[in-house]
$ cat entry_6.cif   # mmCIF, C-alpha atoms
data_coords
loop_
_atom_site.group_PDB
_atom_site.id
_atom_site.type_symbol
_atom_site.label_atom_id
_atom_site.label_comp_id
_atom_site.auth_asym_id
_atom_site.auth_seq_id
_atom_site.Cartn_x
_atom_site.Cartn_y
_atom_site.Cartn_z
ATOM 1 C CA MET A 131 21.592 -40.384 19.499
ATOM 2 C CA ASP A 132 23.260 -39.323 16.216
ATOM 3 C CA GLU A 133 21.170 -41.690 14.094
ATOM 4 C CA THR A 134 18.534 -39.848 12.070
ATOM 5 C CA VAL A 135 15.077 -41.403 12.433
ATOM 6 C CA ILE A 136 13.021 -38.722 10.643
ATOM 7 C CA GLU A 137 14.454 -36.602 7.841
ATOM 8 C CA VAL A 138 12.322 -33.836 6.342
ATOM 9 C CA ALA A 139 13.785 -31.909 3.393
ATOM 10 C CA ASP A 140 12.143 -28.912 1.655
ATOM 11 C CA LEU A 141 8.694 -30.315 2.440
ATOM 12 C CA ARG A 142 5.737 -28.607 0.780
ATOM 13 C CA LYS A 143 2.007 -29.194 0.902
ATOM 14 C CA ARG A 144 -0.565 -27.250 -1.082
ATOM 15 C CA TYR A 145 -4.353 -27.445 -1.096
ATOM 16 C CA GLY A 146 -5.325 -25.678 -4.307
ATOM 17 C CA ASP A 147 -4.078 -22.101 -3.950
ATOM 18 C CA LEU A 148 -3.359 -22.517 -0.247
ATOM 19 C CA THR A 149 0.200 -23.368 0.774
ATOM 20 C CA ALA A 150 -0.043 -25.148 4.128
ATOM 21 C CA VAL A 151 3.611 -26.252 4.350
ATOM 22 C CA ASP A 152 6.169 -24.009 2.694
ATOM 23 C CA GLY A 153 9.512 -25.731 2.173
ATOM 24 C CA ILE A 154 10.444 -26.848 5.682
ATOM 25 C CA SER A 155 13.403 -29.003 6.704
ATOM 26 C CA PHE A 156 14.335 -30.678 9.983
ATOM 27 C CA GLU A 157 15.491 -33.986 11.409
ATOM 28 C CA VAL A 158 14.701 -36.094 14.453
ATOM 29 C CA ARG A 159 17.334 -38.303 16.050
ATOM 30 C CA ARG A 160 17.059 -41.648 17.777
ATOM 31 C CA GLY A 161 16.149 -41.586 21.460
ATOM 32 C CA GLU A 162 15.067 -37.942 21.648
ATOM 33 C CA VAL A 163 11.779 -36.159 22.232
ATOM 34 C CA PHE A 164 11.295 -33.674 19.412
ATOM 35 C CA ALA A 165 8.480 -31.147 19.792
ATOM 36 C CA LEU A 166 6.808 -29.826 16.637
ATOM 37 C CA LEU A 167 4.706 -26.857 17.677
ATOM 38 C CA GLY A 168 2.537 -24.259 16.019
ATOM 39 C CA THR A 169 -0.685 -22.328 16.208
ATOM 40 C CA ASN A 170 -3.830 -23.634 14.521
ATOM 41 C CA GLY A 171 -3.312 -23.262 10.785
ATOM 42 C CA ALA A 172 0.481 -23.168 11.047
ATOM 43 C CA GLY A 173 0.885 -26.306 8.905
ATOM 44 C CA LYS A 174 1.792 -28.594 11.781
ATOM 45 C CA THR A 175 -1.051 -31.079 11.271
ATOM 46 C CA SER A 176 -0.340 -31.436 7.551
ATOM 47 C CA THR A 177 3.325 -32.038 8.341
ATOM 48 C CA ILE A 178 2.461 -34.691 10.920
ATOM 49 C CA GLU A 179 0.019 -36.468 8.594
ATOM 50 C CA ILE A 180 2.644 -36.601 5.832
ATOM 51 C CA MET A 181 5.161 -38.108 8.270
ATOM 52 C CA GLU A 182 2.563 -40.642 9.373
ATOM 53 C CA GLY A 183 1.879 -41.628 5.769
ATOM 54 C CA TYR A 184 -1.702 -40.342 5.575
ATOM 55 C CA LEU A 185 -0.983 -37.432 3.192
ATOM 56 C CA LYS A 186 1.203 -37.122 0.127
ATOM 57 C CA PRO A 187 3.476 -34.077 -0.065
ATOM 58 C CA SER A 188 3.257 -31.594 -2.920
ATOM 59 C CA GLY A 189 7.037 -31.332 -2.944
ATOM 60 C CA GLY A 190 10.155 -32.228 -1.007
ATOM 61 C CA THR A 191 10.843 -35.499 0.789
ATOM 62 C CA VAL A 192 10.208 -37.221 4.104
ATOM 63 C CA LYS A 193 12.107 -40.307 5.207
ATOM 64 C CA ILE A 194 11.237 -42.437 8.252
ATOM 65 C CA PHE A 195 14.038 -44.902 9.040
ATOM 66 C CA GLY A 196 15.107 -44.253 5.445
ATOM 67 C CA HIS A 197 11.691 -45.232 4.027
ATOM 68 C CA ASP A 198 8.914 -43.247 2.403
ATOM 69 C CA PRO A 199 6.241 -42.927 5.126
ATOM 70 C CA ALA A 200 3.650 -44.152 2.626
ATOM 71 C CA ASP A 201 5.397 -47.538 2.824
ATOM 72 C CA ARG A 202 3.318 -48.589 5.830
ATOM 73 C CA ARG A 203 4.262 -52.273 5.484
ATOM 74 C CA SER A 204 7.940 -51.511 6.202
ATOM 75 C CA LEU A 205 7.170 -49.108 9.046
ATOM 76 C CA ARG A 206 4.096 -50.539 10.771
ATOM 77 C CA SER A 207 5.973 -52.649 13.307
ATOM 78 C CA ARG A 208 8.433 -49.857 14.113
ATOM 79 C CA THR A 209 6.046 -46.959 14.762
ATOM 80 C CA GLY A 210 3.230 -46.142 17.148
ATOM 81 C CA LEU A 211 0.609 -43.424 16.682
ATOM 82 C CA VAL A 212 -1.539 -41.411 19.059
ATOM 83 C CA LEU A 213 -3.863 -39.386 16.836
ATOM 84 C CA GLN A 214 -5.911 -36.360 17.864
ATOM 85 C CA GLU A 215 -9.120 -38.376 17.533
ATOM 86 C CA SER A 216 -9.435 -42.039 18.458
ATOM 87 C CA GLY A 217 -11.290 -44.743 16.539
ATOM 88 C CA LEU A 218 -12.162 -47.069 19.416
ATOM 89 C CA PHE A 219 -15.100 -49.489 19.436
ATOM 90 C CA GLY A 220 -17.555 -48.535 22.151
ATOM 91 C CA GLU A 221 -18.927 -52.031 22.797
ATOM 92 C CA LEU A 222 -15.520 -53.531 23.587
ATOM 93 C CA THR A 223 -14.042 -53.317 27.061
ATOM 94 C CA ALA A 224 -10.605 -51.779 27.575
ATOM 95 C CA GLY A 225 -9.124 -55.256 28.019
ATOM 96 C CA GLU A 226 -10.862 -56.605 24.920
ATOM 97 C CA THR A 227 -9.594 -53.618 22.927
ATOM 98 C CA VAL A 228 -6.019 -54.348 23.968
ATOM 99 C CA ASP A 229 -6.481 -58.053 23.171
ATOM 100 C CA ALA A 230 -7.806 -57.188 19.702
ATOM 101 C CA TRP A 231 -4.773 -54.982 18.980
ATOM 102 C CA ARG A 232 -2.398 -57.619 20.347
ATOM 103 C CA ARG A 233 -3.533 -60.076 17.641
ATOM 104 C CA PHE A 234 -1.876 -58.022 14.904
ATOM 105 C CA THR A 235 0.956 -56.395 16.883
ATOM 106 C CA SER A 236 4.248 -58.255 16.863
ATOM 107 C CA GLY A 237 6.051 -58.435 20.192
ATOM 108 C CA ALA A 238 3.055 -56.931 21.986
ATOM 109 C CA ARG A 239 3.137 -56.295 25.717
ATOM 110 C CA PRO A 240 0.858 -58.467 27.890
ATOM 111 C CA ARG A 241 -2.596 -56.968 28.412
ATOM 112 C CA GLN A 242 -2.158 -56.077 32.079
ATOM 113 C CA GLU A 243 1.273 -54.556 31.590
ATOM 114 C CA ALA A 244 -0.039 -52.370 28.761
ATOM 115 C CA LEU A 245 -3.015 -51.125 30.783
ATOM 116 C CA ASP A 246 -0.904 -50.494 33.869
ATOM 117 C CA LEU A 247 1.453 -48.224 31.917
ATOM 118 C CA VAL A 248 -1.137 -45.431 31.841
ATOM 119 C CA GLY A 249 -3.161 -46.256 34.928
ATOM 120 C CA LEU A 250 -5.976 -48.289 33.365
ATOM 121 C CA GLY A 251 -5.112 -51.521 35.152
ATOM 122 C CA ASP A 252 -8.345 -51.597 37.165
ATOM 123 C CA GLN A 253 -10.575 -50.759 34.187
ATOM 124 C CA ALA A 254 -9.944 -53.759 31.975
ATOM 125 C CA GLY A 255 -13.617 -54.723 32.215
ATOM 126 C CA THR A 256 -15.044 -51.263 31.489
ATOM 127 C CA LYS A 257 -16.666 -50.777 28.092
ATOM 128 C CA VAL A 258 -15.134 -48.035 26.011
ATOM 129 C CA LYS A 259 -18.484 -46.274 25.620
ATOM 130 C CA HIS A 260 -18.645 -45.888 29.406
ATOM 131 C CA MET A 261 -15.142 -44.408 29.695
ATOM 132 C CA SER A 262 -14.497 -40.698 30.096
ATOM 133 C CA GLY A 263 -12.668 -38.722 27.421
ATOM 134 C CA GLY A 264 -9.497 -38.806 29.486
ATOM 135 C CA GLU A 265 -9.751 -42.572 29.980
ATOM 136 C CA LYS A 266 -10.210 -43.086 26.243
ATOM 137 C CA ARG A 267 -7.131 -40.946 25.691
ATOM 138 C CA LYS A 268 -5.138 -43.179 28.015
ATOM 139 C CA LEU A 269 -6.368 -46.208 26.081
ATOM 140 C CA ASP A 270 -5.167 -44.564 22.839
ATOM 141 C CA ILE A 271 -1.700 -44.252 24.379
ATOM 142 C CA THR A 272 -1.823 -47.853 25.606
ATOM 143 C CA LEU A 273 -2.454 -49.098 22.075
ATOM 144 C CA ALA A 274 0.261 -46.864 20.617
ATOM 145 C CA VAL A 275 2.979 -48.300 22.875
ATOM 146 C CA LEU A 276 1.648 -51.862 22.819
ATOM 147 C CA GLY A 277 4.281 -53.079 20.357
ATOM 148 C CA ARG A 278 7.248 -51.252 21.943
ATOM 149 C CA PRO A 279 7.672 -48.925 18.931
ATOM 150 C CA GLU A 280 11.018 -47.448 17.937
ATOM 151 C CA LEU A 281 9.257 -44.234 16.879
ATOM 152 C CA LEU A 282 6.187 -42.852 18.633
ATOM 153 C CA PHE A 283 4.025 -40.049 17.231
ATOM 154 C CA LEU A 284 2.211 -38.292 20.072
ATOM 155 C CA ASP A 285 -0.318 -35.831 18.655
ATOM 156 C CA GLU A 286 -1.823 -33.870 21.589
ATOM 157 C CA PRO A 287 -1.462 -36.960 23.840
ATOM 158 C CA THR A 288 -2.581 -35.383 27.125
ATOM 159 C CA THR A 289 -5.652 -33.486 25.927
ATOM 160 C CA GLY A 290 -8.495 -34.182 28.345
ATOM 161 C CA LEU A 291 -6.283 -35.760 30.997
ATOM 162 C CA ASP A 292 -6.275 -34.667 34.634
ATOM 163 C CA PRO A 293 -2.979 -33.438 36.146
ATOM 164 C CA GLU A 294 -2.091 -36.816 37.664
ATOM 165 C CA ALA A 295 -2.709 -38.622 34.362
ATOM 166 C CA ARG A 296 -0.628 -36.030 32.522
ATOM 167 C CA ARG A 297 2.195 -36.586 35.011
ATOM 168 C CA ARG A 298 1.987 -40.346 34.415
ATOM 169 C CA VAL A 299 2.150 -39.860 30.643
ATOM 170 C CA ARG A 300 5.182 -37.575 30.961
ATOM 171 C CA ARG A 301 6.900 -40.213 33.080
ATOM 172 C CA LEU A 302 6.045 -42.854 30.477
ATOM 173 C CA VAL A 303 7.538 -40.710 27.712
ATOM 174 C CA ARG A 304 10.769 -40.295 29.678
ATOM 175 C CA ASP A 305 10.930 -44.042 30.352
ATOM 176 C CA LEU A 306 10.401 -44.826 26.662
ATOM 177 C CA THR A 307 13.125 -42.454 25.478
ATOM 178 C CA GLU A 308 15.547 -43.801 28.072
ATOM 179 C CA ALA A 309 14.933 -47.206 26.495
ATOM 180 C CA GLY A 310 15.746 -45.809 23.038
ATOM 181 C CA THR A 311 12.323 -44.858 21.655
ATOM 182 C CA THR A 312 12.164 -41.685 19.555
ATOM 183 C CA VAL A 313 9.152 -39.434 20.229
ATOM 184 C CA LEU A 314 7.674 -36.817 17.904
ATOM 185 C CA LEU A 315 5.450 -34.683 20.143
ATOM 186 C CA THR A 316 2.835 -32.077 19.343
ATOM 187 C CA THR A 317 1.009 -30.364 22.179
ATOM 188 C CA HIS A 318 -0.692 -27.110 23.149
ATOM 189 C CA TYR A 319 0.649 -27.574 26.695
ATOM 190 C CA LEU A 320 3.884 -25.690 26.118
ATOM 191 C CA GLU A 321 5.214 -26.320 29.617
ATOM 192 C CA GLU A 322 4.879 -30.021 28.796
ATOM 193 C CA ALA A 323 6.952 -29.604 25.621
ATOM 194 C CA GLN A 324 9.557 -27.579 27.511
ATOM 195 C CA GLU A 325 9.833 -30.284 30.165
ATOM 196 C CA LEU A 326 10.063 -33.249 27.790
ATOM 197 C CA ALA A 327 11.687 -32.139 24.534
ATOM 198 C CA SER A 328 15.406 -31.875 23.908
ATOM 199 C CA ARG A 329 14.865 -30.143 20.570
ATOM 200 C CA VAL A 330 11.984 -28.178 19.096
ATOM 201 C CA ALA A 331 10.652 -26.621 15.893
ATOM 202 C CA ILE A 332 7.981 -23.919 15.981
ATOM 203 C CA MET A 333 5.893 -23.383 12.837
ATOM 204 C CA ASP A 334 3.914 -20.373 11.718
ATOM 205 C CA ARG A 335 2.208 -19.796 8.361
ATOM 206 C CA GLY A 336 3.698 -22.956 6.905
ATOM 207 C CA ARG A 337 7.313 -22.239 7.798
ATOM 208 C CA ILE A 338 9.649 -23.111 10.646
ATOM 209 C CA MET A 339 10.349 -19.935 12.584
ATOM 210 C CA ALA A 340 12.511 -21.397 15.345
ATOM 211 C CA TYR A 341 14.458 -24.656 15.368
ATOM 212 C CA GLY A 342 17.158 -26.074 17.575
ATOM 213 C CA THR A 343 17.847 -27.387 21.019
ATOM 214 C CA MET A 344 15.466 -26.218 23.721
ATOM 215 C CA ALA A 345 18.195 -23.948 25.113
ATOM 216 C CA GLU A 346 18.804 -22.375 21.694
ATOM 217 C CA VAL A 347 15.123 -21.711 21.118
ATOM 218 C CA LEU A 348 14.559 -20.307 24.596
ATOM 219 C CA GLY A 349 17.563 -18.069 24.083
ATOM 220 C CA ARG A 350 15.646 -16.195 21.382
ATOM 221 C CA GLY A 351 12.934 -15.158 23.810
ATOM 222 C CA THR A 352 12.820 -12.245 26.201
ATOM 223 C CA GLY A 353 13.974 -13.149 29.688
ATOM 224 C CA ARG A 354 14.465 -10.721 32.535
ATOM 225 C CA VAL A 355 16.733 -9.708 35.369
ATOM 226 C CA ALA A 356 15.135 -8.083 38.429
ATOM 227 C CA PHE A 357 16.558 -6.860 41.724
ATOM 228 C CA GLU A 358 15.962 -4.496 44.651
ATOM 229 C CA MET A 359 18.263 -1.492 45.257
ATOM 230 C CA PRO A 360 18.841 0.516 48.434
ATOM 231 C CA PRO A 361 16.807 3.777 48.615
ATOM 232 C CA GLY A 362 18.373 6.652 46.704
ATOM 233 C CA THR A 363 20.515 4.408 44.449
ATOM 234 C CA ASP A 364 20.920 5.427 40.823
ATOM 235 C CA LEU A 365 22.156 3.293 37.953
ATOM 236 C CA ASP A 366 25.053 5.497 36.878
ATOM 237 C CA GLY A 367 27.826 3.331 35.508
ATOM 238 C CA LEU A 368 25.638 0.312 34.717
ATOM 239 C CA THR A 369 26.441 -0.491 31.077
ATOM 240 C CA LEU A 370 24.114 -2.982 29.424
ATOM 241 C CA GLY A 371 24.271 -2.193 25.719
ATOM 242 C CA ALA A 372 21.577 -1.235 23.242
ATOM 243 C CA GLY A 373 18.083 -2.571 23.812
ATOM 244 C CA HIS A 374 18.497 -3.110 27.565
ATOM 245 C CA GLU A 375 16.641 -0.215 29.125
ATOM 246 C CA PRO A 376 16.181 -0.707 32.896
ATOM 247 C CA ASN A 377 12.659 -0.157 34.190
ATOM 248 C CA VAL A 378 12.877 1.263 37.724
ATOM 249 C CA THR A 379 9.842 1.462 40.001
ATOM 250 C CA GLY A 380 10.709 2.650 43.476
ATOM 251 C CA GLN A 381 13.584 0.467 44.613
ATOM 252 C CA ARG A 382 12.919 -2.333 42.140
ATOM 253 C CA CYS A 383 14.701 -2.577 38.789
ATOM 254 C CA VAL A 384 13.580 -4.888 35.968
ATOM 255 C CA ILE A 385 15.627 -5.380 32.785
ATOM 256 C CA VAL A 386 14.027 -7.266 29.878
ATOM 257 C CA THR A 387 16.664 -9.079 27.822
ATOM 258 C CA ALA A 388 17.285 -12.005 25.504
ATOM 259 C CA ASP A 389 20.526 -12.698 27.397
ATOM 260 C CA PRO A 390 19.654 -12.638 31.109
ATOM 261 C CA GLU A 391 22.870 -14.388 32.183
ATOM 262 C CA SER A 392 25.141 -11.717 30.675
ATOM 263 C CA VAL A 393 22.983 -8.910 32.051
ATOM 264 C CA ALA A 394 23.064 -10.488 35.520
ATOM 265 C CA HIS A 395 26.883 -10.599 35.374
ATOM 266 C CA ALA A 396 26.926 -6.923 34.379
ATOM 267 C CA VAL A 397 24.587 -6.007 37.238
ATOM 268 C CA LEU A 398 26.680 -7.902 39.794
ATOM 269 C CA GLY A 399 29.868 -6.329 38.496
ATOM 270 C CA TRP A 400 28.340 -2.843 38.691
ATOM 271 C CA ALA A 401 27.051 -3.477 42.223
ATOM 272 C CA HIS A 402 30.452 -4.719 43.414
ATOM 273 C CA ALA A 403 32.356 -1.845 41.804
ATOM 274 C CA ASN A 404 30.008 0.769 43.293
ATOM 275 C CA GLY A 405 29.457 -0.789 46.700
ATOM 276 C CA VAL A 406 25.747 -1.254 46.036
ATOM 277 C CA ARG A 407 24.113 -4.023 48.015
ATOM 278 C CA ILE A 408 21.330 -5.444 45.853
ATOM 279 C CA ALA A 409 18.709 -7.912 47.079
ATOM 280 C CA GLY A 410 16.234 -10.372 45.594
ATOM 281 C CA LEU A 411 18.195 -10.930 42.380
ATOM 282 C CA ASP A 412 15.898 -12.839 40.001
ATOM 283 C CA VAL A 413 17.333 -14.094 36.702
ATOM 284 C CA ARG A 414 14.765 -15.714 34.460
ATOM 285 C CA GLN A 415 15.110 -17.090 30.968
ATOM 286 C CA ALA A 416 12.166 -16.859 28.591
ATOM 287 C CA THR A 417 9.701 -19.731 28.712
ATOM 288 C CA LEU A 418 8.727 -21.713 25.641
ATOM 289 C CA GLU A 419 5.275 -20.162 25.851
ATOM 290 C CA GLU A 420 6.779 -16.668 25.656
ATOM 291 C CA VAL A 421 8.887 -17.602 22.616
ATOM 292 C CA PHE A 422 5.839 -19.227 21.010
ATOM 293 C CA LEU A 423 3.742 -16.093 21.545
ATOM 294 C CA ASP A 424 6.530 -13.855 20.245
ATOM 295 C CA ILE A 425 6.521 -15.896 17.023
ATOM 296 C CA ALA A 426 2.722 -15.834 16.774
ATOM 297 C CA ASP A 427 2.818 -12.041 17.235
ATOM 298 C CA GLY A 428 5.526 -11.659 14.591
ATOM 299 C CA ASP A 429 8.210 -10.515 17.030
ATOM 300 C CA ILE A 430 10.718 -13.193 15.947
ATOM 301 C CA ALA A 431 11.786 -13.398 12.300
ATOM 302 C CA ASP A 432 11.797 -16.771 10.556
ATOM 303 C CA GLY A 433 14.844 -18.973 10.139
ATOM 304 C CA VAL A 434 16.655 -17.440 13.097
ATOM 305 C CA ILE A 435 17.878 -20.531 14.866
ATOM 306 C CA ALA A 436 20.416 -23.007 13.579
ATOM 307 C CA ASP A 437 20.656 -26.384 15.284
ATOM 308 C CA GLY A 438 23.968 -27.442 16.785
ATOM 309 C CA ASP A 439 26.677 -27.344 14.163
ATOM 310 C CA ARG A 440 24.230 -26.792 11.299
ATOM 311 C CA GLN A 441 24.887 -23.259 10.134
ATOM 312 C CA GLU A 442 21.868 -22.832 7.873
ATOM 313 C CA ALA A 443 18.548 -22.413 9.640
ATOM 314 C CA PRO A 444 15.756 -24.441 8.041
ATOM 315 C CA LYS A 445 13.052 -22.835 5.953
#
$ encode --input "entry_6.cif" --output "structure tokens"
Amino acid sequence: MDETVIEVADLRKRYGDLTAVDGISFEVRRGEVFALLGTNGAGKTSTIEIMEGYLKPSGGTVKIFGHDPADRRSLRSRTGLVLQESGLFGELTAGETVDAWRRFTSGARPRQEALDLVGLGDQAGTKVKHMSGGEKRKLDITLAVLGRPELLFLDEPTTGLDPEARRRVRRLVRDLTEAGTTVLLTTHYLEEAQELASRVAIMDRGRIMAYGTMAEVLGRGTGRVAFEMPPGTDLDGLTLGAGHEPNVTGQRCVIVTADPESVAHAVLGWAHANGVRIAGLDVRQATLEEVFLDIADGDIADGVIADGDRQEAPK
């Protein structure tokens, strides 16, 4: 898990006067799911395309297994790609498509095994042009994992999939990482990223605004502590510190906080000391979607999260 698979250092990408990627740095380790997230125009797609070897950076470096990503010959057999748009041939069947890819994929899975991974086992004879958008997406994923890649780029992999197909893909991702595959994930389904990723970077306006383990990133968001009080109870003696103003409506108290665990301890201590019997205690950490929206709205400053024992937050 400590081996670095992707290393991005001071990466920059400019299109004329437009700076799409503005000096970002991060790393992805073997066997983890790393989520790279951002709004449209945040610079995420340019970053992904540089890592995949399709774009050249304007500055900085990217290393994939120690290689320049433009060196496709060294990396082809070790990486798999699921792009936002597929380039499938409509006249081929799903089975024929897999067979065609198997001819130039070393160590490729058998056709049926590959199709079964994403639930296409009974559609081997269906022509691609007759497949739904979701079915084509599953075929994209089939081809990406055909050669058992060490590194898998999943760019919006579950777009167009129904809930059951999305669940199957999430299970596949977990199975792959348990076997040692590293996954770089981008998705607009933030609950999916929160479920799968161990670490995350959130981009906005070309820079990384939040970076670290999922717990570290979620800790920057606004969680809450809520509870019910007996009629006539006041909050005298409840000390929460600056920025933790309780919102009381009737018998219900809600406290918005970035540190819900500490606030919950304070509430329980106050209740015990004052003989107040509270009910319905609800302690909720911020979701990834809430953190994402806080960043998009400008409520979280950039470079605020350091990862693990790295003391300097990336640009």
$ resolve_selection --input "entry_6.cif" --expression "the PyMOL selection byres ((chain A and resi 158-161) around 12)" --output "JSON, numbers by chain"
{"A": [131, 132, 133, 134, 135, 136, 137, 138, 139, 155, 156, 157, 162, 163, 164, 165, 166, 181, 192, 193, 194, 195, 279, 280, 281, 282, 283, 303, 304, 305, 306, 307, 308, 309, 310, 311, 312, 313, 314, 315, 327, 328, 329, 330, 331, 341, 342, 343, 437]}
$ atom_distance --input "entry_6.cif" --atom1 "CA of Ile385 in chain A" --atom2 "CA of Ala345 in chain A"
20.3 Å
$ resolve_selection --input "entry_6.cif" --expression "the PyMOL selection byres ((chain A and resi 250-267) around 10)" --output "PyMOL selection string"
chain A and resi 212-228+241-249+268-272+286-292+295-296
$ atom_distance --input "entry_6.cif" --atom1 "CA of Glu419 in chain A" --atom2 "CA of Leu167 in chain A"
10.6 Å
$ atom_distance --input "entry_6.cif" --atom1 "CA of Leu368 in chain A" --atom2 "CA of Asn404 in chain A"
9.6 Å
$ closest_residue --input "entry_6.cif" --among "A:Gly428, A:Gly190, A:Pro360, A:Gly171" --to "Cys383 in chain A" --atoms "all atoms listed in the file"
A:Pro360
$ residues_around --input "entry_6.cif" --residues "Gly373 in chain A" --least-positions-apart "4" --cutoff "12 Å" --atoms "only C-alpha atoms" --output "MDAnalysis selection string"
chainID A and resid 352 369 377 385:389 393
$ decode --input "entry_6.cif" --residues "range 271-343 of chain A" --atoms "C-alpha atoms" --output "mmCIF file, in the first residue's frame"
data_model
loop_
_atom_site.group_PDB
_atom_site.id
_atom_site.type_symbol
_atom_site.label_atom_id
_atom_site.label_comp_id
_atom_site.auth_asym_id
_atom_site.auth_seq_id
_atom_site.Cartn_x
_atom_site.Cartn_y
_atom_site.Cartn_z
ATOM 1 C CA ILE A 271 -15.645 -1.618 -18.272
ATOM 2 C CA THR A 272 -15.303 -5.206 -19.495
ATOM 3 C CA LEU A 273 -12.640 -4.164 -21.992
ATOM 4 C CA ALA A 274 -10.816 -2.033 -19.420
ATOM 5 C CA VAL A 275 -10.367 -4.938 -16.990
ATOM 6 C CA LEU A 276 -9.802 -7.571 -19.676
ATOM 7 C CA GLY A 277 -6.038 -7.685 -19.133
ATOM 8 C CA ARG A 278 -6.141 -7.606 -15.306
ATOM 9 C CA PRO A 279 -4.544 -4.129 -15.144
ATOM 10 C CA GLU A 280 -2.417 -2.984 -12.223
ATOM 11 C CA LEU A 281 -3.834 0.537 -12.604
ATOM 12 C CA LEU A 282 -7.394 1.255 -13.708
ATOM 13 C CA PHE A 283 -8.642 4.704 -14.733
ATOM 14 C CA LEU A 284 -12.405 4.901 -14.227
ATOM 15 C CA ASP A 285 -13.731 8.146 -15.704
ATOM 16 C CA GLU A 286 -17.455 8.404 -14.824
ATOM 17 C CA PRO A 287 -17.765 4.580 -15.015
ATOM 18 C CA THR A 288 -21.384 4.262 -13.859
ATOM 19 C CA THR A 289 -22.978 7.024 -15.931
ATOM 20 C CA GLY A 290 -26.136 5.641 -17.522
ATOM 21 C CA LEU A 291 -26.216 2.496 -15.397
ATOM 22 C CA ASP A 292 -29.262 1.385 -13.420
ATOM 23 C CA PRO A 293 -28.903 0.958 -9.632
ATOM 24 C CA GLU A 294 -28.269 -2.792 -9.833
ATOM 25 C CA ALA A 295 -25.560 -2.336 -12.479
ATOM 26 C CA ARG A 296 -23.955 0.413 -10.405
ATOM 27 C CA ARG A 297 -23.934 -1.921 -7.400
ATOM 28 C CA ARG A 298 -22.252 -4.621 -9.503
ATOM 29 C CA VAL A 299 -19.583 -2.180 -10.687
ATOM 30 C CA ARG A 300 -18.889 -1.041 -7.118
ATOM 31 C CA ARG A 301 -18.481 -4.668 -6.080
ATOM 32 C CA LEU A 302 -16.117 -5.235 -9.009
ATOM 33 C CA VAL A 303 -14.014 -2.237 -7.979
ATOM 34 C CA ARG A 304 -13.728 -3.565 -4.425
ATOM 35 C CA ASP A 305 -12.765 -7.020 -5.713
ATOM 36 C CA LEU A 306 -10.094 -5.534 -7.986
ATOM 37 C CA THR A 307 -8.515 -3.443 -5.233
ATOM 38 C CA GLU A 308 -8.514 -6.406 -2.861
ATOM 39 C CA ALA A 309 -6.481 -8.204 -5.525
ATOM 40 C CA GLY A 310 -3.997 -5.311 -5.654
ATOM 41 C CA THR A 311 -5.315 -3.154 -8.507
ATOM 42 C CA THR A 312 -5.029 0.617 -8.057
ATOM 43 C CA VAL A 313 -8.083 2.627 -9.162
ATOM 44 C CA LEU A 314 -8.194 6.307 -10.102
ATOM 45 C CA LEU A 315 -11.892 7.218 -9.998
ATOM 46 C CA THR A 316 -13.770 10.257 -11.226
ATOM 47 C CA THR A 317 -17.520 10.424 -10.753
ATOM 48 C CA HIS A 318 -20.396 12.851 -10.244
ATOM 49 C CA TYR A 319 -22.037 10.280 -7.946
ATOM 50 C CA LEU A 320 -20.427 11.547 -4.760
ATOM 51 C CA GLU A 321 -21.981 8.868 -2.565
ATOM 52 C CA GLU A 322 -20.231 6.363 -4.833
ATOM 53 C CA ALA A 323 -16.866 8.073 -4.289
ATOM 54 C CA GLN A 324 -17.472 8.213 -0.537
ATOM 55 C CA GLU A 325 -18.265 4.498 -0.459
ATOM 56 C CA LEU A 326 -15.321 3.345 -2.577
ATOM 57 C CA ALA A 327 -12.407 5.747 -2.110
ATOM 58 C CA SER A 328 -9.893 5.633 0.711
ATOM 59 C CA ARG A 329 -8.400 8.979 -0.295
ATOM 60 C CA VAL A 330 -9.708 11.913 -2.298
ATOM 61 C CA ALA A 331 -8.708 15.185 -3.956
ATOM 62 C CA ILE A 332 -11.302 17.824 -4.825
ATOM 63 C CA MET A 333 -10.412 20.369 -7.520
ATOM 64 C CA ASP A 334 -11.837 23.797 -8.191
ATOM 65 C CA ARG A 335 -10.585 26.423 -10.651
ATOM 66 C CA GLY A 336 -7.511 24.377 -11.483
ATOM 67 C CA ARG A 337 -6.329 23.816 -7.924
ATOM 68 C CA ILE A 338 -6.737 21.115 -5.303
ATOM 69 C CA MET A 339 -8.900 22.512 -2.528
ATOM 70 C CA ALA A 340 -9.132 19.409 -0.346
ATOM 71 C CA TYR A 341 -6.835 16.387 -0.259
ATOM 72 C CA GLY A 342 -6.366 13.528 2.145
ATOM 73 C CA THR A 343 -8.002 10.438 3.500
#
